[in-house]
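Novice: Right, I'll just put the structure down here and ask away after.
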Amino acid sequence: MKLHEYQSKFRFAEYGIPIPKGQTATTASQAFTIAEEIGGPVVVKAQVLAGGRGKAGGVKLAHTPEEAKKHARVILGMDIKGLIVKKILIDPAVEIEAEIYLGITIDRAARRSVMIASSAGGIAIEEVAAKTPEKIVRAHIDPCLGLPNYQARNIACEIGLSRTLWKQFIHITSALYRCYEESNASLTEINPLVVTNGNQLLALDGKMTLDDNALFRHPRLAEMRDTDEEAPAETLARQADLSYVKLDGEIGCMVNGAGLAMATMDMTKLFGGSPANFLDIGGGAKSDKVAAALRIILADPNVKAVLFNIFGGITRCDEVAHGILSALGEVPTDVPMVARLVGTNEEKGRAILAQSNMITAITLAEAAQKAVEAAHGVSVK
Amino acid sequence: MKLHEYQSKFRFAEYGIPIPKGQTATTASQAFTIAEEIGGPVVVKAQVLAGGRGKAGGVKLAHTPEEAKKHARVILGMDIKGLIVKKILIDPAVEIEAEIYLGITIDRAARRSVMIASSAGGIAIEEVAAKTPEKIVRAHIDPCLGLPNYQARNIACEIGLSRTLWKQFIHITSALYRCYEESNASLTEINPLVVTNGNQLLALDGKMTLDDNALFRHPRLAEMRDTDEEAPAETLARQADLSYVKLDGEIGCMVNGAGLAMATMDMTKLFGGSPANFLDIGGGAKSDKVAAALRIILADPNVKAVLFNIFGGITRCDEVAHGILSALGEVPTDVPMVARLVGTNEEKGRAILAQSNMITAITLAEAAQKAVEAAHGVSVK
Amino acid sequence: MSILVNKNTRLIVQGITGREGSFHTEQAVAYGTNIVGGVTPGKGGEWVGKVPVFDTVKAAVEATEANCSVIYVPSLYTADAILEAADAGIPLIVAITEGVPVLDMIRVRAFLDRKGSRLVGPNCPGLLTPNEAKVGIMPGHITTPGNVGVVSRSGTLTYEVVYALTSHGMGQTTCVGIGGDPICGTGFTEVLAMFEDDPVTEQIVLIGEIGGTDEEEAARFIAEEMTKPVVAFIAGRTAPPNKRMGHAGAIIEGETGTAESKIKALERVGVKVAEHPEQIPELIASL
Amino acid sequence: MSILVNKNTRLIVQGITGREGSFHTEQAVAYGTNIVGGVTPGKGGEWVGKVPVFDTVKAAVEATEANCSVIYVPSLYTADAILEAADAGIPLIVAITEGVPVLDMIRVRAFLDRKGSRLVGPNCPGLLTPNEAKVGIMPGHITTPGNVGVVSRSGTLTYEVVYALTSHGMGQTTCVGIGGDPICGTGFTEVLAMFEDDPVTEQIVLIGEIGGTDEEEAARFIAEEMTKPVVAFIAGRTAPPNKRMGHAGAIIEGETGTAESKIKALERVGVKVAEHPEQIPELIASL
């Protein structure tokens with residue numbers, strides 16, 4: 001789960017990381033009031049969970065409250081990569097001497113969290129990493145020690161930070177790691193961490209991604225989820241504990257297991273079709289979950305055929321079959337369905353589906369081929 | 001630094017460990033009021049930093065507020081192993097089904113903290129450990145993990161705790177470890193942790209010893225120090241950052257280094273004398289510290305001679321010599337003094353002392369012998 | 001021969017009285033696996049079928065001399081269950097549970113490295129050596145003994161491949177599901193090394209998917225350390241671009257992580273990569 | 001020959017610009033120790049005498065190839081300084097500072113065990129190999145080269161004994177102060193083993209004190225592993241009974257920890273125990 005910039009920065013501030021004293025607004029007149037309170041030039045920033053908002057015109061400098069109001073009116077309601085801006089952050093504008101990049105994430109290969117820093121912060125940091133990797137400093141974090149001061153000092157030293165800023169920098173890195181760990185984050189990022197013309201470090205932008213599997217420990221963070229930022233189908237899927245991503249194809253896929261789901265999608269392509277979605281019903285899925293999954297797939301008007309590919313381990317084929325029938329009972333449809341059930345209780349599952357008029361298949365190739373044909377209107381019964 | 005029972009238990013309670021809802025009193029009438037509020041039988045408990053207070057009559061059961069007042073009057077002002085009781089704890093009395101021992105301390109040999117538990121809690125626990133060691137369960141704690149639930153379960157299992165109490169027990173052990181670690185304690189102890197007749201676990205007594213070297217991190221705990229419970233000389237010594245323990249002999253010893261201080265004490269005994277104190281002025285002691293140390297030694301009326309044994313490494317003999325002269329200037333005395341200075345800047349130190357009329361020595365044996373002779377009135381000059 | 005589990009495996013099941021634990025215990029016993037005990041705190045002394053239940057892994061190990069544990073406890077308790085097994089001296093721990101928080105796993109993995117226990121998983125289907133031991137949830141009836149070693153990051157996709165192998169008369173030495181989580185106990189290279197050393201394994205199937213760099217590392221290992229042929233399948237060619245973790249994720253992963261990167265890395269070192277899972281037997285036959 | 005430090009020691013000083021650090025650096029340089037650098041964060045680029053100062057141990061190691069570090073930073077920063085040295089790959093770290101919190105040291109010690117660095121101290125006088133290297137605060141002029149290995153938990157009491165040895169013409173191979181803290185980096189047995197293996201060391205002096213069980217463990221080690229003679233002194237016969245840590249401390253320590261227990265344990269395995277420090281040379285002469 002991703003947090004908005006303002007949510008991330010307010011959380012950073014709880015750990016003592018200095019941030020601009022800004023406020024959020026949902027209307028242009030609120031933006032005016034906030035800018036007036038701040039009393040100097042402000043920056044109006046769209047709060048959307050998408051990259052590239054700057055390029056899209058979602059971040060604007062305003063010298064007066066009137067100007068802030070004008071910008072707010074433009075930005076609120078703006079469509080950025082398919083997401084509508086419903087909230088803006090009004091931050092005081094800051095004179096910037098330098099921009100630092102500072103982030104913490106998981107390094108799978110090292111099996112550690114890693115702090116990454118660079119003196120070349122800002123939006124071009126990925127380019128810096130690709131072209132001048134020596135400007136990127138990494139420090140792997142021992143889970144037993146957290147981030148000891150010496151590591152923060154090593155980083156400060158290696159990015160060539162002025163000594164007058166070391167104390168602040170050590171404070172910020174240590175706070176950022178505690179914030180990361182105590183939030184069960186998989187990413188915390190300050191980009192840029194700026195040096196102001198008053199020689200202070202300030203977190204100008206903030207980003208956090210939380211580990212969904214650990215949200216049960218952090219009810220206050222879990223509540224921060226902005227469902228406006230999800231496609232409605234994804235919200236429904238999450239509530240039913242399904243992993244779903246909408247795609248542009250015509251073949252709805254319902255599969256147990258992420259790897260098999262991806263392989264199934266790849267197969268539809270191989271046989272000339274295109275997947276309408278990624279959908280993993282997970283291990284041990286019961287019939288109500290299967291029914292919810294089917295409703296989500298059928299709600300997509302692009303779907304011309306549905307392909308069920310269930311290979312039973314924890315998941316039992318009979319339960320999946322029940323789920324399919326029960327969902328079909330609730331959501332009558334003309335969309336053709338191809339089902340392939342293998343593994344635990346496969347005979348029972350097939351017997352249950354035999355009552356319906358589904359197309360069945362034994363191999364995955366056969367199933368994918370039949371689904372593509374069905375979607376493209378070829379008779380396959 | 002040791003905490004009182006009530007301080008320890010109130011700290012435990014901050015971590016969610018159940019304790020009796022008692023209050024402290026410093027007068028008998030307060031004790032009456034508290035007992036009245038509690039409204040049933042109460043236990044009146046002397047708060048002194050000494051063992052064996054139960055045997056000394058410092059813990060009494062009262063069935064009525066009147067009785068509590070009577071006991072309070074007896075216990076307040078009581079002398080327990082040289083300490084005067086100035087505060088009492090009034091706890092509601094509890095019906096006890098079983099007594100458990102639970103403690104955490106440092107295991108030097110294992111280089112770990114260790115949790116120790118026994119189903120045979122109560123004051124005889126040391127006897128249990130000596131006679132039936134199989135009744136003592138130990139679990140070493142990995143500093144990277146803290147006390148995971150499985151370890152608490154293993155302990156519960158091995159002390160034969162009823163399953164109905166496991167959840168409470170895991171909660172208490174985990175809280176006790178967090179309390180230990182977050183207080184930089186070297187000991188936290190609940191003895192007894194009782195099973196009440198309502199099948200609840202309750203910390204009836206509590207003990208904590210804090211690491212003096214880490215008190216700078218815990219100002220709130222450092223303020224809990226009860227200087228009433230120290231000999232005034234020990235308070236003075238602590239304030240001057242000196243390590244001092246009063247003993248019963250006649251030869252005051254001032255030494256740098258704990259090992260050498262003990263060896264010096266041992267030497268006075270070997271030559272027929274007896275040490276009046278242990279006093280380590282530590283490494284790199286400056287003259288003001290030496291002066292403070294000398295004042296403390298001379299304040300003891302039993303002291304018949306003073307033995308300075310300084311072997312300079314960090315400590316510089318000239319600074320010690322200055323300290324001795326400066327202290328002698330402030331505290332004129334007839335007590336004979338024997339000084340032995342060896343090591344860093346020893347020549348300078350000896351030159352400085354040559355101005356005074358001190359007895360000097362080259363070897364430790366010589367110094368100890370001269371000090372004993374001086375104390376016993378033998379002329380040694 | 002085989003790797004990791006066999007007839008000498010003395011298995012305990014953590015979470016044996018739970019829904020999944022009891023179901024798969026029954027399946028594993030029916031398969032012939034030597035399950036010597038189970039653990040559910042508070043249920044010591046009970047029985048699941050003919051399997052005795054203990055309160056703690058320590059007690060189970062003392063009573064049964066177990067040398068392997070499979071974990072079905074809920075994700076909330078999985079890290080603790082793994083630590084418990086390692087601390088009790090279990091040399092091989094297989095965690096089936098999915099949804100274990102990543103930072104928990106970093107801590108657990110560091111502990112295991114200190115203790116010297118091997119973990120497979122979490123979020124994996126487990127291990128199966130045909131006709132010897134089924135440790136986890138792989139359906140037994142789709143496997144058959146033979147000379148192909150299978151290692152996979154996926155769950156059901158593994159079954160798909162094993163099923164195809166068996167259908168084509170190609171038996172397996174051992175099927176190993178290493179799990180798809182960011183931090184797991186055992187990676188591709190460690191399993192490849194074991195197959196390389198196993199005298200019976202003749203060919204190896206590697207099943208990967210997008211994300212991480214484990215396949216790229218496996219390719220390096222195959223080039224440098226392996227003599228036996230490896231064929232592979234990588235899932236995720238049509239998956240939407242991997243949602244990376246901010247700039248930090250992009251910096252860490254660089255160009256790796258996509259199906260293209262993995263397929264290229266493997267093909268570069270001579271590994272034949274199948275276009276779809278059922279093509280695997282064909283590629284093996286062509287070796 | 002010698003143990004731990006010698007002419008090849010390339011020493012850096014952590015906290016070199018502090019009062020103690022600069023004083024003892026001067027002393028050690030005057031003694032002939034090869035001090036290649038110093039570390040004080042924020043003072044990189046400065047000099048202390050002819051010794052260059054770096055901001056971090058990492059930078060110092062890169063520039064100087066240091067293989068040993070001595071730490072004089074305040075107790076508040078000592079744990080971090082030790083971790084920093086170990087992480088920078090320093091194989092031998094000597095911490096002079098006293099007053100380091102015990103729970104910090106437990107964490108540090110666990111990290112060192114993982115990294116493979118050896119720590120001596122904290123709260124110790126350091127190491128001295130006569131005429132080769134002085135790492136720490138032992139006064140150099142009281143030592144002289146010879147065949148006696150000295151290992152001690154005390155600071156100044158060590159000087160007392162070394163001074164007596166030198167006065168009696170008994171030189172030392174290396175003098176090692178292991179420190180008196182509850183959790184320290186190196187114990188008696190490890191140093192005894194090094195002296196046993198050092199071809200030049202002929203006799204060993206062990207200086208212990210009350211508290212802990214390190215002397216008792218040393219006695220066991222001497223009986224089982226050592227061929228060279230050991231003489232000992234234990235301080236604290238007249239000390240007040242060790243203030244134990246509640247019941248827990250008593251349970252852990254049992255009957256050990258007193259001067260009597262330690263003297264008995266050593267004498268039982270044939271170690272001659274002196275009545276006072278200056279008697280040590282006499283006991284060595286009698287071997």
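Labeling convention for the structure tokens: chains A, B, ... as they appear, residues from 1 per chain, ligands from 1 in order of appearance.
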Near chain D, meaning an atom within 12 Å, which residues of chain C appear when counting only C-alpha atoms? Write them as a list in words.
Specialist: Ala110, Phe111, Asp113, Arg114 and Lys115 of chain C
Novice: At a cut-off of 7 Å, list the chain B residues touching chain D, using only C-alpha atoms, as number ranges by chain.
Specialist: B: 103-105, 107-109, 111-112, 116, 126, 129, 143, 184, 187, 211, 213-214, 256-257, 259-260, 262-263, 265-267, 311, 313-314, 343-344
Novice: Using only C-alpha atoms, tabulate the residues of chain B lying at most 10 Å from any atom of chain A, each with its closest atom pair and that distance in Å to one decimal, by chain and increasing residue number, as JSON lines.
Specialist:
```
{"residue": "B:Asp142", "atom": "CA", "partner": "A:Cys144", "partner_atom": "CA", "distance": 9.7}
{"residue": "B:Pro143", "atom": "CA", "partner": "A:Cys144", "partner_atom": "CA", "distance": 7.5}
{"residue": "B:Cys144", "atom": "CA", "partner": "A:Cys144", "partner_atom": "CA", "distance": 4.6}
{"residue": "B:Leu145", "atom": "CA", "partner": "A:Cys144", "partner_atom": "CA", "distance": 7.7}
```
Novice: Can you spit out the residues from that selection as a PDB file, in the first residue's frame, using all heavy atoms?
Specialist:
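Dumped to part_30.pdb:
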```pdb
ATOM      1  N   ASP B 142      18.525 -13.901  22.740  1.00  0.00           N
ATOM      2  CA  ASP B 142      19.271 -13.381  21.601  1.00  0.00           C
ATOM      3  C   ASP B 142      19.007 -11.878  21.507  1.00  0.00           C
ATOM      4  O   ASP B 142      17.851 -11.467  21.385  1.00  0.00           O
ATOM      5  CB  ASP B 142      18.785 -14.091  20.325  1.00  0.00           C
ATOM      6  CG  ASP B 142      19.620 -13.731  19.108  1.00  0.00           C
ATOM      7  OD1 ASP B 142      19.919 -12.539  18.926  1.00  0.00           O
ATOM      8  OD2 ASP B 142      19.965 -14.639  18.347  1.00  0.00           O
ATOM      9  N   PRO B 143      20.067 -11.044  21.586  1.00  0.00           N
ATOM     10  CA  PRO B 143      19.801  -9.605  21.598  1.00  0.00           C
ATOM     11  C   PRO B 143      19.137  -9.109  20.318  1.00  0.00           C
ATOM     12  O   PRO B 143      18.538  -8.037  20.311  1.00  0.00           O
ATOM     13  CB  PRO B 143      21.192  -8.983  21.774  1.00  0.00           C
ATOM     14  CG  PRO B 143      22.160 -10.026  21.322  1.00  0.00           C
ATOM     15  CD  PRO B 143      21.506 -11.349  21.641  1.00  0.00           C
ATOM     16  N   CYS B 144      19.225  -9.881  19.242  1.00  0.00           N
ATOM     17  CA  CYS B 144      18.607  -9.459  17.982  1.00  0.00           C
ATOM     18  C   CYS B 144      17.117  -9.750  17.964  1.00  0.00           C
ATOM     19  O   CYS B 144      16.390  -9.197  17.156  1.00  0.00           O
ATOM     20  CB  CYS B 144      19.223 -10.196  16.795  1.00  0.00           C
ATOM     21  SG  CYS B 144      20.979  -9.959  16.710  1.00  0.00           S
ATOM     22  N   LEU B 145      16.665 -10.672  18.776  1.00  0.00           N
ATOM     23  CA  LEU B 145      15.270 -11.109  18.691  1.00  0.00           C
ATOM     24  C   LEU B 145      14.448 -10.672  19.886  1.00  0.00           C
ATOM     25  O   LEU B 145      13.226 -10.671  19.827  1.00  0.00           O
ATOM     26  CB  LEU B 145      15.197 -12.633  18.593  1.00  0.00           C
ATOM     27  CG  LEU B 145      15.848 -13.268  17.370  1.00  0.00           C
ATOM     28  CD1 LEU B 145      15.756 -14.783  17.473  1.00  0.00           C
ATOM     29  CD2 LEU B 145      15.191 -12.787  16.100  1.00  0.00           C
TER      30      LEU B 145
END
```
Novice: Considering only C-alpha atoms, return as a compact mmCIF listing (two decimals) with all heavy atoms, in the first residue's frame whatever protein or nucleic-acid residues lie within 9 Å of Arg340 in chain A, sequence-local ones (same chain, fewer than 6 positions apart) excluded.
Specialist:
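Dumped everything to around20.txt:
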```txt
# COMPACT_ATOMS: atom_id res chain seq x y z
N LEU A 307 -11.35 -17.78 -18.64
CA LEU A 307 -10.54 -18.99 -18.55
C LEU A 307 -10.24 -19.28 -17.07
O LEU A 307 -9.62 -18.46 -16.39
CB LEU A 307 -9.24 -18.77 -19.34
CG LEU A 307 -8.12 -19.79 -19.18
CD1 LEU A 307 -8.60 -21.21 -19.46
CD2 LEU A 307 -6.97 -19.44 -20.14
N PHE A 308 -10.76 -20.42 -16.60
CA PHE A 308 -10.44 -20.87 -15.24
C PHE A 308 -9.31 -21.87 -15.33
O PHE A 308 -9.43 -22.86 -16.03
CB PHE A 308 -11.63 -21.59 -14.59
CG PHE A 308 -12.85 -20.74 -14.46
CD1 PHE A 308 -13.79 -20.69 -15.48
CD2 PHE A 308 -13.07 -20.00 -13.33
CE1 PHE A 308 -14.93 -19.91 -15.36
CE2 PHE A 308 -14.20 -19.22 -13.19
CZ PHE A 308 -15.14 -19.16 -14.22
N ASN A 309 -8.22 -21.59 -14.63
CA ASN A 309 -7.14 -22.57 -14.59
C ASN A 309 -6.78 -22.81 -13.14
O ASN A 309 -6.18 -21.96 -12.48
CB ASN A 309 -5.93 -22.07 -15.39
CG ASN A 309 -4.85 -23.14 -15.46
OD1 ASN A 309 -5.14 -24.32 -15.27
ND2 ASN A 309 -3.62 -22.73 -15.71
N ILE A 310 -7.20 -23.96 -12.64
CA ILE A 310 -7.00 -24.27 -11.21
C ILE A 310 -6.19 -25.55 -11.10
O ILE A 310 -6.61 -26.60 -11.60
CB ILE A 310 -8.36 -24.46 -10.49
CG1 ILE A 310 -9.26 -23.22 -10.68
CG2 ILE A 310 -8.15 -24.80 -9.01
CD1 ILE A 310 -8.72 -21.94 -10.06
N PHE A 311 -5.04 -25.41 -10.46
CA PHE A 311 -4.24 -26.60 -10.20
C PHE A 311 -4.20 -26.78 -8.69
O PHE A 311 -3.58 -26.01 -7.97
CB PHE A 311 -2.83 -26.44 -10.77
CG PHE A 311 -2.26 -27.74 -11.23
CD1 PHE A 311 -1.95 -27.95 -12.57
CD2 PHE A 311 -2.06 -28.78 -10.34
CE1 PHE A 311 -1.45 -29.17 -13.00
CE2 PHE A 311 -1.57 -29.98 -10.76
CZ PHE A 311 -1.26 -30.19 -12.10
N ARG A 350 -14.55 -31.75 -11.37
CA ARG A 350 -15.04 -31.94 -12.74
C ARG A 350 -16.47 -32.43 -12.75
O ARG A 350 -17.28 -32.01 -13.58
CB ARG A 350 -14.15 -32.92 -13.49
CG ARG A 350 -12.83 -32.27 -13.89
CD ARG A 350 -11.95 -33.21 -14.68
NE ARG A 350 -10.58 -32.69 -14.73
CZ ARG A 350 -9.50 -33.43 -14.81
NH1 ARG A 350 -9.59 -34.76 -14.85
NH2 ARG A 350 -8.31 -32.88 -14.85
N ILE A 359 -17.20 -25.17 -21.12
CA ILE A 359 -16.22 -25.85 -21.95
C ILE A 359 -15.13 -26.34 -21.01
O ILE A 359 -14.70 -25.61 -20.11
CB ILE A 359 -15.61 -24.86 -22.97
CG1 ILE A 359 -16.72 -24.19 -23.80
CG2 ILE A 359 -14.59 -25.55 -23.85
CD1 ILE A 359 -16.29 -22.90 -24.47
N THR A 360 -14.68 -27.57 -21.15
CA THR A 360 -13.62 -28.06 -20.27
C THR A 360 -12.39 -28.43 -21.09
O THR A 360 -12.46 -28.60 -22.31
CB THR A 360 -14.09 -29.28 -19.44
OG1 THR A 360 -14.50 -30.28 -20.36
CG2 THR A 360 -15.22 -28.92 -18.52
N ALA A 361 -11.28 -28.55 -20.36
CA ALA A 361 -10.01 -28.89 -21.01
C ALA A 361 -9.14 -29.64 -20.03
O ALA A 361 -9.32 -29.51 -18.82
CB ALA A 361 -9.31 -27.62 -21.48
N ILE A 362 -8.20 -30.42 -20.57
CA ILE A 362 -7.30 -31.18 -19.70
C ILE A 362 -5.96 -30.45 -19.56
O ILE A 362 -5.51 -30.19 -18.46
CB ILE A 362 -7.07 -32.61 -20.25
CG1 ILE A 362 -8.41 -33.37 -20.38
CG2 ILE A 362 -6.11 -33.38 -19.34
CD1 ILE A 362 -9.13 -33.61 -19.07
N THR A 363 -5.36 -30.09 -20.70
CA THR A 363 -4.08 -29.39 -20.60
C THR A 363 -4.30 -27.89 -20.61
O THR A 363 -5.34 -27.40 -21.05
CB THR A 363 -3.12 -29.75 -21.76
OG1 THR A 363 -3.65 -29.18 -22.96
CG2 THR A 363 -2.98 -31.25 -21.92
N LEU A 364 -3.24 -27.19 -20.16
CA LEU A 364 -3.31 -25.74 -20.15
C LEU A 364 -3.33 -25.19 -21.57
O LEU A 364 -4.07 -24.26 -21.89
CB LEU A 364 -2.10 -25.18 -19.36
CG LEU A 364 -1.88 -23.68 -19.37
CD1 LEU A 364 -3.13 -22.91 -18.98
CD2 LEU A 364 -0.75 -23.32 -18.41
N ALA A 367 -6.72 -25.53 -22.89
CA ALA A 367 -7.63 -24.58 -22.26
C ALA A 367 -7.43 -23.18 -22.83
O ALA A 367 -8.39 -22.47 -23.15
CB ALA A 367 -7.40 -24.57 -20.74
```
Novice: For Ser8 in chain B, work out the shell of residues within 8 Å, counting only C-alpha atoms and skipping chain neighbours fewer than 5 positions away, then give it as a count of residues only.
Specialist: 4
Novice: Extract the full set of helix (DSSP H, G or I) residues from range 189-225 of chain C according to DSSP on the backbone, and format it as an MDAnalysis selection string.
Specialist: chainID C and resid 189:197 214:225
Novice: Neighbouring residues of range 68-84 of chain A were defined as those with any atom within 10 Å, considering only C-alpha atoms; residues of the same chain fewer than 4 positions away were excluded. Please report them as number ranges by chain.
Specialist: A: 25-36, 41-64, 88-90, 228-231
Novice: Applying 10 Å and only C-alpha atoms, which residues near Glu250 in chain B remain after dropping the ones on its own chain fewer than 4 positions away? List them as a list of chain:residue names.
Specialist: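 Residues meeting the cut-off are B:Thr268, B:Gly273, B:Ser274, B:Pro275, B:Ala276, B:Asn277, B:Asp300, B:Pro301, B:Asn302, B:Val303, B:Lys304, B:Ala305, B:Val306, B:Ala371, B:Val372, B:Ala375, B:His376.
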Novice: Could you tell me how far CA of Ser174 in chain A sits from CA of Gly89 in chain D, in Å to one decimal place?
Specialist: 22.9 Å
Novice: With only C-alpha atoms as the counted atoms, please give the residues lying no more than 9 Å from Ala120 in chain B, apart from itself and same-chain residues fewer than 3 positions off, as a list in words.
Specialist: Ala98, Glu99, Ile100, Tyr101, Ala117, Ala124, Ile125, Val128, Lys135, Ile136 and Ile159 of chain B
Novice: Run DSSP on the backbone and grab whatever in range 9-170 of chain C lands in strand (DSSP E or B); send it over as JSON, numbers by chain.
Specialist: {"C": [11, 12, 13, 14, 35, 36, 37, 38, 39, 47, 48, 51, 52, 53, 54, 68, 69, 70, 71, 92, 93, 94, 95, 118, 119, 120, 126, 127, 128, 129, 133, 134, 135, 136, 145, 146, 147, 148, 149, 150, 151, 152]}
Novice: Grab the CA of Ala59 in chain C to CA of Gly38 in chain C distance for me, in Å with one decimal place.
Specialist: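 Computing it gives 10.3 Å between the two atoms.
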Novice: Please compute the CA of Val273 in chain C-CA of Thr186 in chain C distance, one decimal, in Å.
Specialist: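 That distance, rounded to one decimal, is 22.3 Å.
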